[in-house]
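What's in protein_19.csv: CSV, C-alpha atoms and all ligand atoms
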chain,number,residue,atom,x,y,z
W,1,MET,CA,0.0,0.0,0.0
W,2,SER,CA,1.2,3.5,-0.8
W,3,PHE,CA,1.7,6.2,1.8
W,4,GLU,CA,-1.3,8.0,0.3
W,5,ASN,CA,-3.5,4.9,0.8
W,6,ARG,CA,-2.5,4.8,4.5
W,7,GLN,CA,-3.0,8.5,4.8
W,8,GLN,CA,-6.5,8.1,3.3
W,9,VAL,CA,-7.4,5.5,6.0
W,10,ALA,CA,-5.9,7.6,8.8
W,11,THR,CA,-7.9,10.7,7.6
W,12,CYS,CA,-11.1,8.6,7.3
W,13,ILE,CA,-10.6,7.4,10.9
W,14,GLU,CA,-10.1,10.9,12.1
W,15,ASP,CA,-13.2,12.1,10.3
W,16,ILE,CA,-15.3,9.4,12.0
W,17,GLY,CA,-14.3,11.2,15.3
W,18,SER,CA,-16.9,11.0,17.9
W,19,ASP,CA,-19.3,8.8,15.8
W,20,ILE,CA,-16.9,5.9,16.5
W,21,ASN,CA,-19.3,4.2,18.9
W,22,GLN,CA,-22.0,4.2,16.3
W,23,VAL,CA,-19.7,2.5,13.8
W,24,SER,CA,-18.5,0.2,16.5
W,25,GLN,CA,-22.1,-1.0,17.3
W,26,ASP,CA,-22.7,-1.7,13.7
W,27,PHE,CA,-19.4,-3.6,13.4
W,28,TYR,CA,-20.4,-5.9,16.3
W,29,ARG,CA,-23.9,-6.4,15.1
W,30,HIS,CA,-22.6,-7.7,11.8
W,31,LEU,CA,-19.7,-9.6,13.3
W,32,LEU,CA,-21.6,-11.4,16.0
W,33,GLN,CA,-24.7,-12.1,14.0
W,34,ASP,CA,-22.6,-13.9,11.3
W,35,ASN,CA,-20.1,-15.4,13.8
W,36,PRO,CA,-21.8,-16.0,17.1
W,37,ALA,CA,-18.8,-18.1,18.3
W,38,LEU,CA,-16.6,-14.9,18.3
W,39,SER,CA,-18.6,-13.6,21.3
W,40,ARG,CA,-16.2,-15.7,23.4
W,41,ILE,CA,-13.4,-13.4,22.3
W,42,PHE,CA,-15.3,-10.2,22.0
W,43,SER,CA,-16.9,-10.5,25.5
W,44,GLY,CA,-17.8,-7.7,27.9
W,45,ASN,CA,-20.4,-4.9,27.9
W,46,THR,CA,-20.8,-2.2,25.3
W,47,ALA,CA,-18.2,0.0,26.8
W,48,ALA,CA,-15.6,-2.8,26.6
W,49,LEU,CA,-16.6,-3.7,23.1
W,50,ASN,CA,-16.4,-0.1,21.9
W,51,ARG,CA,-12.9,0.1,23.5
W,52,LYS,CA,-11.6,-2.9,21.5
W,53,PHE,CA,-13.0,-1.5,18.3
W,54,PHE,CA,-11.5,1.9,19.1
W,55,ASN,CA,-8.1,0.2,19.8
W,56,MET,CA,-8.2,-1.5,16.4
W,57,LEU,CA,-8.9,1.7,14.5
W,58,ALA,CA,-6.3,3.6,16.6
W,59,ALA,CA,-3.7,1.0,15.5
W,60,LEU,CA,-4.7,1.2,11.9
W,61,LYS,CA,-4.5,5.0,12.0
W,62,ASN,CA,-0.9,4.6,13.1
W,63,VAL,CA,0.5,2.7,10.2
W,64,LYS,CA,1.4,5.5,7.9
W,65,HIS,CA,5.0,4.5,8.4
W,66,LEU,CA,4.3,0.8,8.8
W,67,GLU,CA,7.9,-0.2,7.9
W,68,LYS,CA,9.1,1.6,11.0
W,69,ILE,CA,6.6,0.2,13.4
W,70,GLU,CA,6.7,-3.4,12.1
W,71,ALA,CA,8.2,-4.7,15.3
W,72,SER,CA,5.4,-3.2,17.3
W,73,ILE,CA,2.7,-4.7,15.0
W,74,CYS,CA,4.3,-8.1,15.4
W,75,GLN,CA,4.2,-7.7,19.2
W,76,LEU,CA,0.5,-6.7,18.8
W,77,GLY,CA,0.0,-10.0,16.9
W,78,GLU,CA,1.7,-12.0,19.6
W,79,ARG,CA,-0.5,-10.5,22.2
W,80,HIS,CA,-3.6,-11.3,20.1
W,81,GLY,CA,-2.5,-14.9,19.9
W,82,GLN,CA,-1.2,-15.4,23.4
W,83,GLN,CA,-3.5,-13.2,25.5
W,84,TYR,CA,-6.7,-12.8,23.5
W,85,ALA,CA,-6.9,-16.3,21.9
W,86,VAL,CA,-7.2,-14.9,18.4
W,87,LEU,CA,-6.6,-17.3,15.5
W,88,ASN,CA,-5.5,-16.4,12.0
W,89,GLU,CA,-9.0,-17.3,10.6
W,90,HIS,CA,-10.6,-14.6,12.8
W,91,PHE,CA,-9.2,-11.8,10.7
W,92,SER,CA,-11.4,-12.4,7.7
W,93,PRO,CA,-14.8,-12.1,9.5
W,94,VAL,CA,-13.5,-9.0,11.4
W,95,LYS,CA,-12.5,-7.4,8.2
W,96,LYS,CA,-15.8,-8.2,6.5
W,97,ALA,CA,-17.8,-6.7,9.4
W,98,LEU,CA,-15.5,-3.6,9.5
W,99,MET,CA,-16.0,-3.0,5.8
W,100,THR,CA,-19.8,-3.4,6.1
W,101,ALA,CA,-19.9,-1.0,9.1
W,102,LEU,CA,-17.8,1.6,7.2
W,103,GLU,CA,-20.1,1.2,4.2
W,104,GLY,CA,-23.2,1.8,6.3
W,105,TYR,CA,-21.7,4.8,8.0
W,106,LEU,CA,-20.0,6.5,5.0
W,107,GLY,CA,-22.6,5.7,2.3
W,108,ASP,CA,-21.6,7.2,-1.0
W,109,GLY,CA,-18.5,8.6,0.7
W,110,PHE,CA,-17.1,5.0,0.8
W,111,THR,CA,-15.8,5.3,-2.7
W,112,VAL,CA,-14.1,2.5,-4.7
W,113,GLU,CA,-10.8,4.2,-4.0
W,114,LEU,CA,-11.3,4.5,-0.3
W,115,ARG,CA,-12.6,0.9,-0.1
W,116,GLN,CA,-9.4,-0.3,-1.8
W,117,ALA,CA,-7.3,1.7,0.6
W,118,TRP,CA,-9.0,0.2,3.6
W,119,ASP,CA,-8.8,-3.3,2.1
W,120,GLY,CA,-5.1,-3.0,1.5
W,121,VAL,CA,-4.2,-1.3,4.8
W,122,PHE,CA,-6.2,-3.9,6.8
W,123,ASP,CA,-4.5,-6.8,5.0
W,124,GLU,CA,-1.0,-5.5,5.3
W,125,VAL,CA,-1.4,-5.0,9.1
W,126,ALA,CA,-3.3,-8.3,9.5
W,127,ASP,CA,-0.7,-10.2,7.5
W,128,LEU,CA,2.1,-9.1,9.9
W,129,MET,CA,-0.1,-9.9,12.9
W,130,LYS,CA,-1.0,-13.3,11.5
W,131,THR,CA,2.7,-14.2,10.9
W,132,ALA,CA,3.4,-13.3,14.5
W,133,ILE,CA,0.4,-15.3,15.7
W,134,SER,CA,1.6,-18.4,13.8
W,135,ARG,CA,5.0,-18.1,15.4
W,136,THR,CA,3.7,-17.8,19.0
W,137,ARG,CA,2.2,-20.3,21.4
W,138,HIS,CA,-1.5,-19.9,21.4
W,139,ALA,CA,-3.6,-19.3,24.6
W,140,ASP,CA,-4.0,-22.9,25.9
W,141,ASP,CA,-7.7,-23.4,26.3
W,142,GLY,CA,-8.8,-21.2,23.4
W,143,LEU,CA,-10.4,-18.8,25.9
W,144,PRO,CA,-9.0,-15.4,26.2
W,145,SER,CA,-7.3,-14.6,29.4
W,146,LEU,CA,-8.5,-11.1,29.2
W,147,THR,CA,-6.5,-8.7,31.1
W,148,GLY,CA,-6.6,-4.9,30.9
W,149,TYR,CA,-10.3,-4.7,31.7
W,150,ASP,CA,-12.6,-4.8,34.8
W,151,GLY,CA,-16.1,-3.8,33.9
W,152,ASP,CA,-17.5,-3.0,37.4
W,153,LEU,CA,-14.4,-1.3,38.9
W,154,LEU,CA,-15.3,2.3,38.2
W,155,GLN,CA,-18.4,2.1,40.3
W,156,ALA,CA,-16.6,0.3,43.1
W,157,ILE,CA,-13.9,3.0,43.1
W,158,GLY,CA,-16.5,5.7,43.4
W,159,GLY,CA,-16.4,7.3,39.9
W,160,GLU,CA,-14.1,9.2,37.6
W,161,GLU,CA,-13.4,12.0,40.2
W,162,VAL,CA,-11.7,9.6,42.5
W,163,VAL,CA,-9.6,8.1,39.6
W,164,LEU,CA,-8.5,11.6,38.6
W,165,ARG,CA,-7.6,12.5,42.2
W,166,ILE,CA,-5.5,9.4,42.5
W,167,HIS,CA,-3.7,10.0,39.2
W,168,ARG,CA,-2.9,13.6,40.2
W,169,ARG,CA,-1.3,12.3,43.3
W,170,PHE,CA,0.5,9.6,41.3
W,171,TYR,CA,2.0,12.0,38.8
W,172,ASP,CA,2.9,14.4,41.5
W,173,VAL,CA,5.2,11.7,42.9
W,174,ILE,CA,6.4,10.2,39.7
W,175,PHE,CA,7.5,13.5,38.1
W,176,ASP,CA,9.9,14.0,41.0
W,177,GLU,CA,11.0,10.3,41.3
W,178,PRO,CA,14.8,10.2,40.7
W,179,TRP,CA,14.6,7.4,38.0
W,180,LEU,CA,11.1,7.3,36.5
W,181,GLY,CA,10.9,11.1,36.6
W,182,LYS,CA,13.5,11.2,33.8
W,183,PHE,CA,10.9,9.9,31.3
W,184,PHE,CA,8.5,12.8,32.2
W,185,ARG,CA,10.8,15.8,31.7
W,186,GLY,CA,9.1,18.5,29.7
W,187,LYS,CA,5.7,16.7,29.9
W,188,HIS,CA,2.6,18.3,31.1
W,189,GLU,CA,1.5,16.8,34.4
W,190,THR,CA,-2.1,17.8,34.5
W,191,THR,CA,-2.7,16.7,30.9
W,192,LEU,CA,-1.2,13.3,31.6
W,193,ALA,CA,-3.3,12.9,34.7
W,194,ARG,CA,-6.4,13.6,32.6
W,195,LYS,CA,-5.4,11.3,29.8
W,196,GLN,CA,-4.4,8.5,32.1
W,197,THR,CA,-7.8,8.9,33.8
W,198,GLU,CA,-9.7,8.8,30.6
W,199,PHE,CA,-7.8,5.7,29.6
W,200,MET,CA,-8.3,3.8,32.9
W,201,VAL,CA,-12.0,4.9,33.2
W,202,ALA,CA,-12.6,3.0,29.9
W,203,ALA,CA,-10.7,0.0,31.2
W,204,PHE,CA,-12.8,0.1,34.4
W,205,GLY,CA,-16.0,-0.1,32.5
W,206,GLY,CA,-16.8,3.6,32.2
W,207,GLU,CA,-17.3,5.7,29.1
W,208,ASN,CA,-14.4,5.7,26.6
W,209,ARG,CA,-13.4,9.3,26.1
W,210,TYR,CA,-9.7,8.5,25.6
W,211,ARG,CA,-8.6,9.5,22.1
W,212,GLY,CA,-4.9,8.7,22.3
W,213,ASP,CA,-3.0,5.7,21.1
W,214,THR,CA,-2.9,2.4,22.9
W,215,PRO,CA,-0.2,2.1,25.6
W,216,ALA,CA,2.0,-0.2,23.5
W,217,PHE,CA,2.2,2.5,20.8
W,218,VAL,CA,2.5,5.5,23.2
W,219,HIS,CA,5.6,3.9,24.8
W,220,MET,CA,7.1,2.1,21.9
W,221,HIS,CA,10.2,4.3,21.7
W,222,MET,CA,10.8,4.2,25.5
W,223,LEU,CA,13.0,1.6,27.1
W,224,ILE,CA,10.7,0.6,29.9
W,225,THR,CA,12.0,-2.3,32.0
W,226,GLN,CA,10.3,-4.7,34.4
W,227,GLU,CA,12.1,-3.1,37.3
W,228,GLN,CA,10.8,0.4,36.3
W,229,LEU,CA,7.3,-1.0,35.9
W,230,GLU,CA,7.5,-2.4,39.4
W,231,ALA,CA,8.8,0.9,40.8
W,232,ARG,CA,5.9,2.7,39.1
W,233,GLU,CA,3.5,0.2,40.6
W,234,ALA,CA,4.7,0.9,44.1
W,235,ILE,CA,3.9,4.6,43.5
W,236,LEU,CA,0.6,3.9,42.0
W,237,ARG,CA,-0.3,1.5,44.9
W,238,ASP,CA,0.5,4.3,47.4
W,239,ALA,CA,-1.6,6.8,45.5
W,240,ILE,CA,-4.6,4.5,45.4
W,241,ARG,CA,-4.2,3.6,49.1
W,242,GLU,CA,-4.0,7.3,50.1
W,243,GLU,CA,-7.6,7.5,48.9
W,244,GLY,CA,-8.5,5.0,51.6
W,245,LEU,CA,-9.9,2.4,49.1
W,246,SER,CA,-10.0,-1.2,50.2
W,247,GLU,CA,-7.2,-3.6,49.4
W,248,GLU,CA,-9.5,-5.6,47.2
W,249,ILE,CA,-10.0,-2.5,45.0
W,250,VAL,CA,-6.3,-1.7,45.1
W,251,GLU,CA,-5.5,-5.2,43.8
W,252,ARG,CA,-8.2,-5.1,41.1
W,253,TRP,CA,-6.9,-1.7,39.9
W,254,LEU,CA,-3.3,-3.0,39.7
W,255,ARG,CA,-4.4,-6.2,37.9
W,256,VAL,CA,-5.9,-4.0,35.2
W,257,ASP,CA,-2.8,-1.9,35.0
W,258,ARG,CA,-0.5,-5.0,34.8
W,259,GLY,CA,-2.6,-6.2,31.8
W,260,PHE,CA,-0.9,-3.5,29.8
W,261,TRP,CA,2.7,-4.3,30.8
W,262,ALA,CA,3.3,-6.9,28.2
W,263,GLY,CA,2.9,-4.3,25.5
W,264,LEU,CA,5.4,-1.9,27.1
W,265,VAL,CA,8.2,-3.9,28.7
W,266,LYS,CA,11.6,-4.1,27.0
W,267,THR,CA,15.0,-5.5,27.8
W,268,SER,CA,17.2,-3.4,25.5
W,269,GLU,CA,17.3,-0.2,23.5
W,270,GLU,CA,17.2,-2.3,20.3
W,271,GLU,CA,13.6,-3.2,21.1
W,272,CYS,CA,12.5,0.4,21.0
W,273,VAL,CA,10.5,1.3,17.9
W,274,LEU,CA,10.9,4.8,16.5
W,275,LYS,CA,7.8,6.5,15.1
W,276,CYS,CA,9.4,9.0,12.9
W,277,PHE,CA,12.7,10.1,11.4
W,278,GLY,CA,14.9,12.0,13.9
W,279,GLN,CA,13.2,10.4,17.0
W,280,TYR,CA,15.5,8.6,19.4
W,281,PRO,CA,14.9,5.9,22.0
W,282,VAL,CA,14.1,7.3,25.4
W,283,VAL,CA,16.4,5.6,27.9
W,284,ALA,CA,16.6,6.6,31.6
W,285,LYS,CA,19.8,5.6,33.3
W,286,LYS,CA,19.4,4.3,36.8
W,287,PRO,CA,20.8,6.8,39.3
W,288,ASP,CA,23.7,5.7,41.4
W,289,ALA,CA,22.6,4.4,44.8
W,290,TYR,CA,19.0,4.3,43.6
W,291,VAL,CA,16.4,3.4,46.3
W,292,PRO,CA,13.2,2.0,44.9
W,293,PRO,CA,10.0,3.6,46.1
W,294,SER,CA,8.7,1.9,49.2
W,295,VAL,CA,5.1,1.1,49.8
W,296,LEU,CA,3.3,2.6,52.8
W,297,PRO,CA,0.9,0.5,54.9
W,298,SER,CA,-2.8,0.5,53.7
W,299,LYS,CA,-5.0,3.1,55.2
W,300,ALA,CA,-8.2,1.1,54.6
W,301,GLY,CA,-7.7,-0.9,57.8
W,302,ASP,CA,-9.2,-4.0,56.2
W,303,ASP,CA,-6.1,-6.1,56.2
E,1,LIG,C1,-5.8,-5.5,11.6
E,1,LIG,C2,-6.4,-6.1,12.6
E,1,LIG,C3,-6.4,-5.7,14.1
E,1,LIG,C4,-5.8,-4.7,14.7
E,1,LIG,C5,-4.9,-3.5,14.1
E,1,LIG,C6,-6.0,-4.8,16.1
E,1,LIG,C7,-5.6,-3.9,17.1
E,1,LIG,C8,-5.8,-4.1,18.5
E,1,LIG,C9,-5.2,-3.2,19.5
E,1,LIG,C10,-4.3,-2.1,19.3
E,1,LIG,C11,-5.7,-3.7,20.7
E,1,LIG,C12,-5.4,-3.1,22.1
E,1,LIG,C13,-4.6,-4.0,23.0
E,1,LIG,C14,-3.2,-4.3,22.7
E,1,LIG,O1,-2.5,-3.3,22.3
E,1,LIG,O2,-2.7,-5.4,22.9
E,1,LIG,C15,-6.5,-4.8,20.4
E,1,LIG,C16,-7.2,-5.6,21.4
E,1,LIG,C17,-8.0,-6.7,21.1
E,1,LIG,N1,-8.2,-7.2,19.9
E,1,LIG,FE1,-7.5,-6.6,18.1
E,1,LIG,N2,-6.8,-5.9,16.3
E,1,LIG,C18,-7.0,-6.5,15.1
E,1,LIG,C19,-7.7,-7.7,14.8
E,1,LIG,C20,-8.4,-8.4,15.8
E,1,LIG,C21,-9.1,-9.7,15.6
E,1,LIG,C22,-9.2,-10.4,14.2
E,1,LIG,C23,-9.6,-10.1,16.7
E,1,LIG,C24,-10.4,-11.3,17.1
E,1,LIG,C25,-11.3,-11.8,16.4
E,1,LIG,C26,-9.2,-9.1,17.8
E,1,LIG,C27,-9.5,-9.2,19.1
E,1,LIG,C28,-9.0,-8.3,20.1
E,1,LIG,C29,-9.3,-8.5,21.5
E,1,LIG,C30,-10.2,-9.5,22.1
E,1,LIG,C31,-8.7,-7.4,22.1
E,1,LIG,C32,-8.6,-7.0,23.5
E,1,LIG,C33,-8.7,-7.2,24.6
E,1,LIG,C34,-9.1,-6.3,25.8
E,1,LIG,O3,-8.7,-5.1,25.7
E,1,LIG,O4,-9.7,-6.8,26.7
E,1,LIG,N3,-8.4,-8.1,17.1
E,1,LIG,N4,-6.6,-5.0,19.1
E,2,LIG,C1,7.5,2.7,34.0
E,2,LIG,C2,6.5,2.7,33.2
E,2,LIG,C3,5.9,3.8,32.4
E,2,LIG,C4,6.6,5.0,32.0
E,2,LIG,C5,8.0,5.4,32.3
E,2,LIG,C6,5.6,5.7,31.3
E,2,LIG,C7,5.9,7.0,30.7
E,2,LIG,C8,5.0,7.7,30.0
E,2,LIG,C9,5.3,9.0,29.4
E,2,LIG,C10,6.7,9.7,29.4
E,2,LIG,C11,4.2,9.4,28.8
E,2,LIG,C12,4.0,10.8,28.0
E,2,LIG,C13,4.2,10.5,26.5
E,2,LIG,C14,4.1,11.7,25.7
E,2,LIG,O1,3.4,12.7,26.0
E,2,LIG,O2,4.9,11.8,24.7
E,2,LIG,C15,3.2,8.5,29.0
E,2,LIG,C16,1.9,8.6,28.6
E,2,LIG,C17,0.9,7.6,28.8
E,2,LIG,N1,1.0,6.4,29.5
E,2,LIG,FE1,2.7,5.7,30.3
E,2,LIG,N2,4.4,5.1,31.2
E,2,LIG,C18,4.6,3.9,31.9
E,2,LIG,C19,3.6,2.9,32.1
E,2,LIG,C20,2.3,3.0,31.6
E,2,LIG,C21,1.3,2.0,31.8
E,2,LIG,C22,1.5,0.6,32.5
E,2,LIG,C23,0.2,2.5,31.2
E,2,LIG,C24,-1.2,1.8,31.2
E,2,LIG,C25,-1.8,1.3,32.1
E,2,LIG,C26,0.5,3.8,30.7
E,2,LIG,C27,-0.5,4.6,30.1
E,2,LIG,C28,-0.2,5.8,29.5
E,2,LIG,C29,-1.2,6.6,28.8
E,2,LIG,C30,-2.6,6.3,28.6
E,2,LIG,C31,-0.5,7.8,28.4
E,2,LIG,C32,-1.1,9.0,27.7
E,2,LIG,C33,-0.9,8.9,26.2
E,2,LIG,C34,-1.4,10.1,25.4
E,2,LIG,O3,-0.7,11.1,25.4
E,2,LIG,O4,-2.5,9.9,24.9
E,2,LIG,N3,1.8,4.1,31.0
E,2,LIG,N4,3.7,7.4,29.7

How would this structure read if it were set down as structure tokens?
Amino acid sequence: MSFENRQQVATCIEDIGSDINQVSQDFYRHLLQDNPALSRIFSGNTAALNRKFFNMLAALKNVKHLEKIEASICQLGERHGQQYAVLNEHFSPVKKALMTALEGYLGDGFTVELRQAWDGVFDEVADLMKTAISRTRHADDGLPSLTGYDGDLLQAIGGEEVVLRIHRRFYDVIFDEPWLGKFFRGKHETTLARKQTEFMVAAFGGENRYRGDTPAFVHMHMLITQEQLEAREAILRDAIREEGLSEEIVERWLRVDRGFWAGLVKTSEEECVLKCFGQYPVVAKKPDAYVPPSVLPSKAGDD
């Protein structure tokens, strides 16, 4: 596919904008009517389903420079096989339902040219993902071990306000943390707290207002190690506990968070994927005599 074709698809996705949930519902109607067995993979409530559809389109919007993000798409394929129990033969019904939903939404605007662009872009991404799926061990029982989602959690936490408060506290600490803080130099703390909140609210079963890329893409140029993820988790755990939430909720929150780690974690600079010419991997050197953040006791008094 040419750069122009990919650009056409990206523009089309941008134009769908806030109508995305409408297209999403149409997509699932076609997909699950024709392939009821796929509801084992596409489970969850409307918010969860919309989020998955949104993620798929967000990834397709990102492939303008596919050659540069190939490694990231392969990892995405691996996660589909290993974590979501997706098989290669699932791509064809997904594509068919997507094309039908686009046709329904765009009407005459879905020109022959635009259709061909979608057709080609979907296939080139799907082919990379399928190759990665074939290479990886598939989820054993054929059932997705769905992480990254807990549909009732927002209510249990007490709503979006509480999530935002916790994230503000979290970023306050992390921006000043001697090691992790290095990633955030020059970043806008309030904006990040808002975006992180929108993202997690969707993962906790609330409305999806997050319009950024999926975490795997956002962080693909950053060398984020397991040790850093664990240090970040300690800070997050404290920020949640400070709110006085029960340990059960703390654990559920962190389980959702950990569901995104596989897409972020790297062991060397070589695994970083650069999005554009001139970008360089973001690597934070561990400070000498670094002391990892320690976790304070729970305030909830229930353990
Ligand atoms: C070109 C095709 C596709 C693209 C670009 C795509 C992209 C994505 C992205 C970016 C995510 C977010 C999670 C992550 O980064 O790991 C995701 C999640 C998911 N995808 Fe796909 N996908 C595609 C095809 C499929 C197919 C064919 C299926 C199954 C029939 C599928 C099922 C899922 C499921 C079940 C999840 C999510 C789980 C969750 O968030 O709980 N995807 N997809
Ligand atoms: C040690 C681990 C992590 C580090 C160092 C890190 C660092 C960052 C940085 C520097 C940004 C700002 C990117 C930019 O504006 O260019 C960012 C954004 C973001 N991160 Fe992370 N992150 C980590 C883990 C995670 C995890 C586990 C998640 C998901 C649960 C996550 C979700 C997000 C989201 C949603 C954004 C906002 C993206 C946007 O601008 O739309 N991060 N992260």

Q | Protein and nucleic residues near ligand LIG 1 (chain E), 6 Å, only C-alpha atoms and all ligand atoms, as a PyMOL selection string | A | chain W and resi 41-42+52+55-56+59-60+76+79+84+86+90-91+94+122+125-126+146-149+214+216

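Of the listed residues W:Asn62, W:Thr197, W:Asn208, W:Ser24, the one whose atoms come nearest to ligand LIG 2 (chain E) is W:Thr197, with distances taken using all atoms listed in the file.
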
Can you build me a table of chain W residues sitting at most 6 Å from ligand LIG 2 (chain E), with the closest atom pair per residue and its distance in Å to one decimal, using only C-alpha atoms and all ligand atoms, sorted by chain and residue number, as JSON lines?
{"residue": "W:Leu180", "atom": "CA", "partner": "E:LIG2", "partner_atom": "C5", "distance": 5.6}
{"residue": "W:Phe183", "atom": "CA", "partner": "E:LIG2", "partner_atom": "C10", "distance": 4.6}
{"residue": "W:Phe184", "atom": "CA", "partner": "E:LIG2", "partner_atom": "C10", "distance": 4.5}
{"residue": "W:Leu192", "atom": "CA", "partner": "E:LIG2", "partner_atom": "C32", "distance": 5.8}
{"residue": "W:Lys195", "atom": "CA", "partner": "E:LIG2", "partner_atom": "C32", "distance": 5.3}
{"residue": "W:Gln196", "atom": "CA", "partner": "E:LIG2", "partner_atom": "C30", "distance": 4.5}
{"residue": "W:Phe199", "atom": "CA", "partner": "E:LIG2", "partner_atom": "C30", "distance": 5.3}
{"residue": "W:Gly212", "atom": "CA", "partner": "E:LIG2", "partner_atom": "O4", "distance": 3.7}
{"residue": "W:Asp213", "atom": "CA", "partner": "E:LIG2", "partner_atom": "O4", "distance": 5.7}
{"residue": "W:Pro215", "atom": "CA", "partner": "E:LIG2", "partner_atom": "C27", "distance": 5.2}
{"residue": "W:Val218", "atom": "CA", "partner": "E:LIG2", "partner_atom": "C33", "distance": 5.7}
{"residue": "W:Ile224", "atom": "CA", "partner": "E:LIG2", "partner_atom": "C1", "distance": 5.6}
{"residue": "W:Gln228", "atom": "CA", "partner": "E:LIG2", "partner_atom": "C1", "distance": 4.6}
{"residue": "W:Leu229", "atom": "CA", "partner": "E:LIG2", "partner_atom": "C1", "distance": 4.2}
{"residue": "W:Arg232", "atom": "CA", "partner": "E:LIG2", "partner_atom": "C1", "distance": 5.3}
{"residue": "W:Asp257", "atom": "CA", "partner": "E:LIG2", "partner_atom": "C25", "distance": 4.4}
{"residue": "W:Phe260", "atom": "CA", "partner": "E:LIG2", "partner_atom": "C25", "distance": 5.4}
{"residue": "W:Trp261", "atom": "CA", "partner": "E:LIG2", "partner_atom": "C22", "distance": 5.3}

12 Å contact set for Val265 of chain W, all atoms listed in the file, chain neighbours under 2 positions out, as a short mmCIF file (atom, residue, chain, number, x, y, z; two decimals) with C-alpha atoms, in the frame of the given file:
data_model
loop_
_atom_site.label_atom_id
_atom_site.label_comp_id
_atom_site.auth_asym_id
_atom_site.auth_seq_id
_atom_site.Cartn_x
_atom_site.Cartn_y
_atom_site.Cartn_z
CA SER W 72 5.40 -3.20 17.30
CA GLN W 75 4.20 -7.70 19.20
CA PRO W 215 -0.20 2.10 25.60
CA ALA W 216 2.00 -0.20 23.50
CA PHE W 217 2.20 2.50 20.80
CA HIS W 219 5.60 3.90 24.80
CA MET W 220 7.10 2.10 21.90
CA HIS W 221 10.20 4.30 21.70
CA MET W 222 10.80 4.20 25.50
CA LEU W 223 13.00 1.60 27.10
CA ILE W 224 10.70 0.60 29.90
CA THR W 225 12.00 -2.30 32.00
CA GLN W 226 10.30 -4.70 34.40
CA GLU W 227 12.10 -3.10 37.30
CA GLN W 228 10.80 0.40 36.30
CA LEU W 229 7.30 -1.00 35.90
CA GLU W 230 7.50 -2.40 39.40
CA ARG W 258 -0.50 -5.00 34.80
CA GLY W 259 -2.60 -6.20 31.80
CA PHE W 260 -0.90 -3.50 29.80
CA TRP W 261 2.70 -4.30 30.80
CA ALA W 262 3.30 -6.90 28.20
CA GLY W 263 2.90 -4.30 25.50
CA THR W 267 15.00 -5.50 27.80
CA SER W 268 17.20 -3.40 25.50
CA GLU W 269 17.30 -0.20 23.50
CA GLU W 271 13.60 -3.20 21.10
CA CYS W 272 12.50 0.40 21.00
#

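Atom to atom, atom CA of Gly77 of chain W and atom CA of Ala132 of chain W stand 5.3 Å apart.
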
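Across the structure, atom CA of Leu264 of chain W and atom CA of Asn50 of chain W are spaced 22.5 Å apart.
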
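Distance check against Ala97 of chain W using all atoms listed in the file: of W:His30, W:His188, W:Arg169, W:Lys182, the minimum falls on W:His30.
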